[in-house]
file upload.txt (compact mmCIF, C-alpha atoms and all ligand atoms)
# COMPACT_ATOMS: atom_id res chain seq x y z
CA MET R 1 29.47 82.17 -102.86
CA ALA R 2 32.89 80.41 -102.70
CA ALA R 3 32.97 80.92 -98.93
CA SER R 4 29.51 79.40 -98.50
CA LEU R 5 30.53 76.39 -100.65
CA MET R 6 33.63 75.93 -98.47
CA ASN R 7 31.47 76.16 -95.32
CA HIS R 8 29.07 73.57 -96.70
CA LEU R 9 31.91 71.22 -97.69
CA GLY R 10 33.63 71.75 -94.34
CA PHE R 11 30.41 70.85 -92.53
CA ARG R 12 30.01 67.64 -94.58
CA VAL R 13 33.63 66.64 -93.94
CA LEU R 14 33.08 67.25 -90.21
CA CYS R 15 29.90 65.09 -90.25
CA PHE R 16 31.67 62.21 -92.02
CA THR R 17 34.65 62.43 -89.66
CA VAL R 18 32.39 62.29 -86.59
CA LEU R 19 30.45 59.39 -88.13
CA PHE R 20 33.62 57.41 -88.87
CA ILE R 21 34.90 57.96 -85.34
CA MET R 22 31.55 57.05 -83.75
CA LEU R 23 30.64 53.98 -85.84
CA PRO R 24 33.16 51.56 -84.34
CA LEU R 25 32.31 52.80 -80.85
CA MET R 26 28.59 52.32 -81.44
CA SER R 27 29.02 48.84 -82.87
CA HIS R 28 31.04 47.74 -79.81
CA CYS R 29 28.53 48.96 -77.24
CA ALA R 30 27.20 46.48 -74.70
CA ASP R 31 25.18 47.59 -71.67
CA PRO R 32 26.21 51.07 -70.45
CA ASP R 33 28.69 51.33 -67.57
CA PRO R 34 27.22 51.79 -64.07
CA LEU R 35 27.31 55.29 -62.59
CA GLN R 36 27.25 54.09 -58.96
CA ASP R 37 28.25 50.97 -56.99
CA PHE R 38 24.87 49.32 -57.38
CA CYS R 39 21.30 49.96 -58.40
CA VAL R 40 19.15 47.06 -57.22
CA ALA R 41 16.23 47.06 -59.66
CA ILE R 42 12.68 47.92 -58.79
CA LEU R 43 11.01 45.76 -61.43
CA ASN R 44 8.04 47.57 -63.01
CA ASN R 45 5.88 44.47 -63.07
CA GLY R 46 3.56 46.28 -65.45
CA SER R 47 3.00 49.14 -63.00
CA SER R 48 1.98 52.25 -64.91
CA SER R 49 3.18 54.53 -62.11
CA ILE R 50 6.84 53.70 -62.89
CA PRO R 51 7.98 55.35 -66.12
CA GLY R 52 9.41 53.04 -68.79
CA ILE R 53 13.18 53.54 -68.96
CA ASN R 54 16.07 51.67 -70.56
CA GLY R 55 16.79 49.48 -67.53
CA PHE R 56 15.14 49.72 -64.14
CA PRO R 57 14.99 52.38 -61.42
CA CYS R 58 17.05 51.78 -58.24
CA LYS R 59 15.71 50.60 -54.93
CA PRO R 60 16.62 53.22 -52.26
CA ALA R 61 20.08 52.32 -50.85
CA SER R 62 18.64 52.42 -47.30
CA GLU R 63 16.37 49.48 -48.20
CA VAL R 64 19.08 47.33 -49.83
CA THR R 65 20.15 44.24 -47.88
CA SER R 66 22.67 41.42 -48.42
CA GLU R 67 19.87 39.35 -49.92
CA ASP R 68 19.78 41.69 -52.92
CA PHE R 69 23.24 40.51 -54.02
CA PHE R 70 22.72 36.75 -53.86
CA PHE R 71 20.64 34.43 -56.02
CA ASP R 72 19.73 30.81 -55.43
CA GLY R 73 18.00 30.20 -58.77
CA PHE R 74 20.73 27.84 -60.00
CA THR R 75 20.71 25.45 -57.04
CA LYS R 76 18.08 23.12 -58.50
CA GLU R 77 18.21 21.09 -61.69
CA GLY R 78 15.80 22.47 -64.33
CA ASP R 79 12.92 20.25 -65.49
CA THR R 80 13.92 19.00 -68.95
CA THR R 81 10.74 16.96 -69.42
CA ASN R 82 8.13 19.67 -69.89
CA ASN R 83 9.07 20.82 -73.39
CA VAL R 84 9.74 19.29 -76.80
CA PHE R 85 13.44 20.20 -76.72
CA GLY R 86 14.44 18.19 -73.65
CA SER R 87 16.24 21.14 -72.07
CA ALA R 88 15.60 23.56 -69.24
CA LEU R 89 17.02 27.03 -69.01
CA SER R 90 17.10 28.79 -65.63
CA PRO R 91 17.84 32.49 -66.22
CA GLY R 92 19.87 34.60 -63.82
CA ASN R 93 19.20 37.98 -65.38
CA VAL R 94 17.93 41.29 -64.03
CA LEU R 95 14.34 40.02 -64.09
CA THR R 96 15.08 37.10 -61.77
CA PHE R 97 18.02 38.69 -59.91
CA PRO R 98 17.38 42.47 -59.61
CA GLY R 99 20.84 43.04 -58.06
CA LEU R 100 22.28 42.66 -61.59
CA ASN R 101 20.64 45.94 -62.66
CA THR R 102 23.21 48.28 -64.31
CA GLN R 103 26.05 45.73 -63.91
CA GLY R 104 25.97 44.61 -67.56
CA ILE R 105 26.18 40.89 -66.79
CA ALA R 106 23.90 37.85 -66.51
CA MET R 107 24.14 34.05 -66.41
CA ASN R 108 21.98 31.01 -67.24
CA ARG R 109 21.94 27.47 -65.93
CA VAL R 110 21.20 25.04 -68.77
CA ASP R 111 20.17 21.41 -68.10
CA ILE R 112 19.86 19.13 -71.12
CA ALA R 113 18.51 15.57 -71.14
CA PRO R 114 20.33 12.95 -73.25
CA GLY R 115 19.43 13.65 -76.89
CA GLY R 116 17.92 17.00 -75.90
CA MET R 117 18.96 20.43 -77.08
CA ASN R 118 18.92 24.11 -76.28
CA PRO R 119 17.41 25.00 -79.67
CA PRO R 120 18.92 27.43 -82.20
CA HIS R 121 18.61 30.98 -80.87
CA SER R 122 20.48 34.28 -80.72
CA HIS R 123 20.99 37.02 -78.13
CA PRO R 124 20.44 40.48 -79.58
CA ARG R 125 22.18 42.28 -76.73
CA ALA R 126 25.13 40.10 -75.66
CA SER R 127 28.02 37.83 -76.47
CA GLU R 128 27.88 34.53 -74.61
CA ALA R 129 30.56 32.48 -72.88
CA GLY R 130 29.79 29.08 -71.42
CA VAL R 131 31.35 26.16 -69.60
CA VAL R 132 30.25 22.53 -69.56
CA ILE R 133 30.04 21.25 -65.98
CA GLN R 134 28.77 17.78 -66.76
CA GLY R 135 28.14 15.66 -69.87
CA LYS R 136 29.10 15.75 -73.52
CA VAL R 137 27.71 18.70 -75.45
CA LEU R 138 27.80 19.67 -79.13
CA VAL R 139 28.02 23.48 -79.25
CA GLY R 140 27.70 25.30 -82.56
CA PHE R 141 27.06 28.69 -84.13
CA VAL R 142 26.74 30.11 -87.62
CA THR R 143 28.37 33.35 -88.75
CA ALA R 144 26.42 36.26 -90.22
CA ALA R 145 29.14 36.69 -92.84
CA GLY R 146 29.02 33.66 -95.13
CA ASN R 147 26.91 31.27 -93.00
CA VAL R 148 29.98 29.41 -91.78
CA PHE R 149 29.12 26.76 -89.17
CA TYR R 150 31.61 26.37 -86.28
CA SER R 151 31.08 23.55 -83.79
CA LYS R 152 32.77 21.28 -81.31
CA VAL R 153 31.86 18.55 -78.83
CA LEU R 154 32.79 19.77 -75.35
CA ARG R 155 33.25 17.86 -72.10
CA LYS R 156 33.42 18.79 -68.42
CA GLY R 157 35.47 21.94 -67.79
CA GLU R 158 35.63 23.03 -71.42
CA MET R 159 34.54 26.51 -72.40
CA PHE R 160 33.05 28.15 -75.48
CA VAL R 161 32.21 31.59 -76.80
CA ILE R 162 29.30 32.64 -79.00
CA PRO R 163 29.84 35.99 -80.72
CA ARG R 164 27.09 38.52 -80.09
CA GLY R 165 23.88 38.09 -82.05
CA LEU R 166 24.87 34.87 -83.86
CA VAL R 167 22.52 31.87 -84.05
CA HIS R 168 23.76 29.00 -81.85
CA PHE R 169 22.66 25.85 -80.03
CA GLN R 170 23.83 23.20 -77.58
CA MET R 171 22.92 19.53 -77.94
CA ASN R 172 23.51 16.78 -75.42
CA VAL R 173 25.28 14.09 -77.43
CA GLY R 174 26.20 11.98 -74.40
CA LYS R 175 24.40 9.17 -72.61
CA ASN R 176 23.85 11.10 -69.37
CA LYS R 177 22.41 14.46 -68.36
CA ALA R 178 24.38 17.54 -69.37
CA LEU R 179 24.78 20.70 -67.32
CA LEU R 180 26.32 23.97 -68.44
CA PHE R 181 26.48 27.55 -67.24
CA THR R 182 26.52 30.48 -69.60
CA ALA R 183 27.46 34.12 -69.02
CA PHE R 184 26.54 37.30 -70.90
CA ASN R 185 27.75 40.88 -71.11
CA SER R 186 24.25 42.24 -70.62
CA GLN R 187 21.87 42.27 -67.66
CA LEU R 188 19.12 41.16 -70.07
CA PRO R 189 20.67 39.56 -73.19
CA GLY R 190 17.29 38.61 -74.73
CA ALA R 191 16.80 35.42 -76.73
CA VAL R 192 15.33 35.01 -80.20
CA VAL R 193 14.52 31.28 -80.22
CA LEU R 194 14.15 30.55 -83.93
CA PRO R 195 11.50 27.77 -83.87
CA LEU R 196 9.32 29.72 -81.43
CA THR R 197 9.90 33.10 -83.09
CA LEU R 198 9.05 31.86 -86.56
CA PHE R 199 6.42 29.23 -85.85
CA GLY R 200 4.97 30.23 -82.48
CA SER R 201 4.56 34.02 -82.77
CA LYS R 202 1.33 35.70 -81.70
CA PRO R 203 -0.32 36.54 -84.00
CA PRO R 204 1.20 33.91 -86.30
CA ILE R 205 3.37 34.82 -89.29
CA PRO R 206 1.22 34.11 -92.41
CA ASP R 207 1.73 30.59 -93.86
CA GLU R 208 2.67 32.01 -97.27
CA VAL R 209 5.62 33.88 -95.76
CA LEU R 210 6.97 30.70 -94.17
CA THR R 211 6.24 28.39 -97.12
CA LYS R 212 8.15 30.74 -99.38
CA ALA R 213 10.98 31.30 -96.89
CA PHE R 214 11.52 27.59 -96.25
CA GLN R 215 10.45 26.36 -99.71
CA VAL R 216 7.97 23.84 -98.27
CA ASP R 217 4.22 23.19 -98.57
CA ALA R 218 1.68 24.92 -96.33
CA GLU R 219 0.97 21.55 -94.67
CA VAL R 220 4.54 21.38 -93.38
CA VAL R 221 4.33 24.93 -92.03
CA ARG R 222 0.97 24.23 -90.35
CA GLY R 223 2.38 21.02 -88.85
CA ILE R 224 5.31 22.89 -87.30
CA LYS R 225 3.07 25.76 -86.13
CA ALA R 226 0.80 23.25 -84.40
CA LYS R 227 3.77 22.02 -82.35
CA PHE R 228 4.55 25.52 -81.12
CA GLY R 229 1.00 26.58 -80.34
CA ALA R 230 0.47 29.16 -83.09
C1 LIG K 1 22.86 29.11 -74.09
O1 LIG K 1 23.03 29.24 -75.28
C2 LIG K 1 22.21 30.13 -73.31
O2 LIG K 1 21.72 31.08 -73.93
O3 LIG K 1 22.19 30.04 -72.07
MN MN K 2 22.57 31.30 -75.93

call {"tool": "encode", "arguments": {"input": "upload.txt", "output": "structure tokens"}}
result
Amino acid sequence: MAASLMNHLGFRVLCFTVLFIMLPLMSHCADPDPLQDFCVAILNNGSSSIPGINGFPCKPASEVTSEDFFFDGFTKEGDTTNNVFGSALSPGNVLTFPGLNTQGIAMNRVDIAPGGMNPPHSHPRASEAGVVIQGKVLVGFVTAAGNVFYSKVLRKGEMFVIPRGLVHFQMNVGKNKALLFTAFNSQLPGAVVLPLTLFGSKPPIPDEVLTKAFQVDAEVVRGIKAKFGA
């Protein structure tokens, strides 16, 4: 009886020890490390013959060419006029640049018209670093612990960091166009764009959820939803 109690206790102590060792490791995980030099992605494109996996299968090495490691998606200015925010984001992630598959990195080009903004959003799978190439940009984020708002106006050559998962934005507060490049420690950082997520989801989030959450009338919620096509 005493021996079985000791065994049981020993097992629980072992479980807690393993958990305490693993927790910090788990919470610091970004994309997994690559197991080979490269793995140029074969994008599923909805094909049911390719099994869903966490990432993408590799193109056979014999078919890989130099073109797989270069990307020209940042050469042109994004069109900042076709959305209500006055910004254009050109993604350089595994979906647009399959050579990034398994490398754990991605970048964006962000063009912002004067007065425009890259609206509040968060990246569930990556921290973000960015550099302003042109213009005057207000960059800010809010912490999860205590809702502390950190912000600064940055100019050409200045850099910022957005801790993983935190809500952030960039706003062009200058008179001319702004251009920045951002970098992520994930091949597909994901973006939860708050206005679109909350007011443009399909199907829409019920009005009563949003009226209660934002403490406003249903009319206000419907007005915002109408702007985001819900
Ligand atoms: C900027 O915040 C970006 O996600 O590129
Ligand atoms: Mn971002």

call {"tool": "axis_aligned_box", "arguments": {"input": "upload.txt", "around": "ligand LIG 1 (chain K)", "padding_each_side": "5 Å", "output": "JSON"}}
result
{"center_x": 22.4, "center_y": 30.1, "center_z": -73.7, "size_x": 11.3, "size_y": 12.0, "size_z": 13.2}

call {"tool": "residues_near_point", "arguments": {"input": "upload.txt", "point": "(-0.5, 32.3, -83.4)", "cutoff": "9 Å", "atoms": "all atoms listed in the file", "output": "PDB file with C-alpha atoms, in the coordinates of the input"}}
result
ATOM      1  CA  PHE R 199       6.420  29.230 -85.850  1.00  0.00           C
ATOM      2  CA  GLY R 200       4.970  30.230 -82.480  1.00  0.00           C
ATOM      3  CA  SER R 201       4.560  34.020 -82.770  1.00  0.00           C
ATOM      4  CA  LYS R 202       1.330  35.700 -81.700  1.00  0.00           C
ATOM      5  CA  PRO R 203      -0.320  36.540 -84.000  1.00  0.00           C
ATOM      6  CA  PRO R 204       1.200  33.910 -86.300  1.00  0.00           C
ATOM      7  CA  ILE R 205       3.370  34.820 -89.290  1.00  0.00           C
ATOM      8  CA  LYS R 225       3.070  25.760 -86.130  1.00  0.00           C
ATOM      9  CA  PHE R 228       4.550  25.520 -81.120  1.00  0.00           C
ATOM     10  CA  GLY R 229       1.000  26.580 -80.340  1.00  0.00           C
ATOM     11  CA  ALA R 230       0.470  29.160 -83.090  1.00  0.00           C
TER      12      ALA R 230
END

call {"tool": "atom_distance", "arguments": {"input": "upload.txt", "atom1": "CA of His121 (chain R)", "atom2": "CA of Asp79 (chain R)"}}
result
19.6 Å

call {"tool": "residues_near_ligand", "arguments": {"input": "upload.txt", "ligand": "ligand LIG 1 (chain K)", "cutoff": "9 Å", "atoms": "all atoms listed in the file", "output": "ChimeraX atom specification"}}
result
/R:89-91,107-110,118-123,128-130,139,162,168-170,180-184,189-191

call {"tool": "closest_residue", "arguments": {"input": "upload.txt", "among": "R:Leu179, R:Gly140, R:Gln36, R:Phe71", "to": "ligand MN 2 (chain K)", "atoms": "only C-alpha atoms and all ligand atoms"}}
result
R:Gly140

call {"tool": "atom_distance", "arguments": {"input": "upload.txt", "atom1": "CA of Phe56 (chain R)", "atom2": "CA of Asp37 (chain R)"}}
result
15.0 Å

call {"tool": "residues_near_point", "arguments": {"input": "upload.txt", "point": "(12.7, 21.5, -75.5)", "cutoff": "7 Å", "atoms": "all atoms listed in the file", "output": "JSON, numbers by chain"}}
result
{"R": [83, 84, 85, 86, 87, 116, 117, 118]}

call {"tool": "atom_distance", "arguments": {"input": "upload.txt", "atom1": "CA of Arg222 (chain R)", "atom2": "CA of Val192 (chain R)"}}
result
20.6 Å

call {"tool": "residues_around", "arguments": {"input": "upload.txt", "residues": "Lys175 (chain R)", "least_positions_apart": "4", "cutoff": "10 Å", "atoms": "all atoms listed in the file", "output": "ChimeraX atom specification"}}
result
/R:113-115,135-136

call {"tool": "closest_residue", "arguments": {"input": "upload.txt", "among": "R:Val167, R:Ile112, R:Cys39, R:Cys58", "to": "ligand MN 2 (chain K)", "atoms": "all atoms listed in the file"}}
result
R:Val167

call {"tool": "closest_residue", "arguments": {"input": "upload.txt", "among": "R:Val131, R:Leu43, R:Ala106, R:Val221", "to": "Glu208 (chain R)", "atoms": "all atoms listed in the file"}}
result
R:Val221

call {"tool": "closest_residue", "arguments": {"input": "upload.txt", "among": "R:Val142, R:Ile224, R:Val94, R:Val40", "to": "Ser66 (chain R)", "atoms": "all atoms listed in the file"}}
result
R:Val40

call {"tool": "closest_residue", "arguments": {"input": "upload.txt", "among": "R:Tyr150, R:Phe97, R:Phe70, R:Phe141", "to": "ligand MN 2 (chain K)", "atoms": "all atoms listed in the file"}}
result
R:Phe141

call {"tool": "residues_around", "arguments": {"input": "upload.txt", "residues": "Ala30 (chain R)", "least_positions_apart": "3", "cutoff": "8 Å", "atoms": "all atoms listed in the file", "output": "VMD selection string"}}
result
chain R and resid 104 125 to 126 185 to 186

call {"tool": "build_atoms", "arguments": {"input": "upload.txt", "residues": "region 132-162 of chain R", "atoms": "N, CA and C atoms", "output": "tab-separated table (two decimals), keeping the file's coordinate frame"}}
result
chain	number	residue	atom	x	y	z
R	132	VAL	N	30.96	23.79	-69.80
R	132	VAL	CA	30.25	22.53	-69.56
R	132	VAL	C	30.70	22.01	-68.19
R	133	ILE	N	29.73	21.73	-67.33
R	133	ILE	CA	30.04	21.25	-65.98
R	133	ILE	C	29.93	19.73	-65.94
R	134	GLN	N	29.03	19.22	-66.78
R	134	GLN	CA	28.77	17.78	-66.76
R	134	GLN	C	28.24	17.37	-68.13
R	135	GLY	N	28.69	16.21	-68.63
R	135	GLY	CA	28.14	15.66	-69.87
R	135	GLY	C	29.00	15.97	-71.09
R	136	LYS	N	28.40	15.63	-72.23
R	136	LYS	CA	29.10	15.75	-73.52
R	136	LYS	C	28.17	16.56	-74.43
R	137	VAL	N	28.62	17.74	-74.82
R	137	VAL	CA	27.71	18.70	-75.45
R	137	VAL	C	28.26	19.20	-76.79
R	138	LEU	N	27.45	19.08	-77.83
R	138	LEU	CA	27.80	19.67	-79.13
R	138	LEU	C	27.35	21.13	-79.10
R	139	VAL	N	28.32	22.04	-79.26
R	139	VAL	CA	28.02	23.48	-79.25
R	139	VAL	C	28.35	24.01	-80.64
R	140	GLY	N	27.43	24.77	-81.23
R	140	GLY	CA	27.70	25.30	-82.56
R	140	GLY	C	27.07	26.65	-82.79
R	141	PHE	N	27.67	27.43	-83.69
R	141	PHE	CA	27.06	28.69	-84.13
R	141	PHE	C	27.38	28.92	-85.59
R	142	VAL	N	26.58	29.80	-86.20
R	142	VAL	CA	26.74	30.11	-87.62
R	142	VAL	C	27.04	31.60	-87.76
R	143	THR	N	28.00	31.93	-88.60
R	143	THR	CA	28.37	33.35	-88.75
R	143	THR	C	27.33	34.09	-89.59
R	144	ALA	N	27.28	35.41	-89.39
R	144	ALA	CA	26.42	36.26	-90.22
R	144	ALA	C	27.08	36.45	-91.58
R	145	ALA	N	28.41	36.50	-91.59
R	145	ALA	CA	29.14	36.69	-92.84
R	145	ALA	C	29.47	35.32	-93.43
R	146	GLY	N	28.69	34.88	-94.41
R	146	GLY	CA	29.02	33.66	-95.13
R	146	GLY	C	28.40	32.38	-94.60
R	147	ASN	N	27.57	32.47	-93.54
R	147	ASN	CA	26.91	31.27	-93.00
R	147	ASN	C	27.88	30.13	-92.71
R	148	VAL	N	29.01	30.46	-92.13
R	148	VAL	CA	29.98	29.41	-91.78
R	148	VAL	C	29.56	28.80	-90.44
R	149	PHE	N	29.53	27.48	-90.38
R	149	PHE	CA	29.12	26.76	-89.17
R	149	PHE	C	30.37	26.33	-88.40
R	150	TYR	N	30.51	26.79	-87.16
R	150	TYR	CA	31.61	26.37	-86.28
R	150	TYR	C	31.02	25.53	-85.17
R	151	SER	N	31.64	24.39	-84.85
R	151	SER	CA	31.08	23.55	-83.79
R	151	SER	C	32.16	22.68	-83.17
R	152	LYS	N	31.84	22.19	-81.98
R	152	LYS	CA	32.77	21.28	-81.31
R	152	LYS	C	32.01	20.53	-80.22
R	153	VAL	N	32.42	19.29	-79.97
R	153	VAL	CA	31.86	18.55	-78.83
R	153	VAL	C	32.73	18.86	-77.62
R	154	LEU	N	32.06	19.38	-76.56
R	154	LEU	CA	32.79	19.77	-75.35
R	154	LEU	C	32.45	18.83	-74.19
R	155	ARG	N	33.44	18.68	-73.31
R	155	ARG	CA	33.25	17.86	-72.10
R	155	ARG	C	33.50	18.73	-70.88
R	156	LYS	N	33.27	18.12	-69.72
R	156	LYS	CA	33.42	18.79	-68.42
R	156	LYS	C	34.63	19.75	-68.36
R	157	GLY	N	34.39	20.97	-67.98
R	157	GLY	CA	35.47	21.94	-67.79
R	157	GLY	C	35.82	22.71	-69.04
R	158	GLU	N	35.27	22.32	-70.17
R	158	GLU	CA	35.63	23.03	-71.42
R	158	GLU	C	34.68	24.21	-71.66
R	159	MET	N	35.24	25.23	-72.28
R	159	MET	CA	34.54	26.51	-72.40
R	159	MET	C	34.31	26.87	-73.87
R	160	PHE	N	33.30	27.68	-74.11
R	160	PHE	CA	33.05	28.15	-75.48
R	160	PHE	C	32.65	29.62	-75.47
R	161	VAL	N	32.69	30.21	-76.65
R	161	VAL	CA	32.21	31.59	-76.80
R	161	VAL	C	31.30	31.65	-78.02
R	162	ILE	N	30.22	32.41	-77.88
R	162	ILE	CA	29.30	32.64	-79.00
R	162	ILE	C	29.32	34.15	-79.27
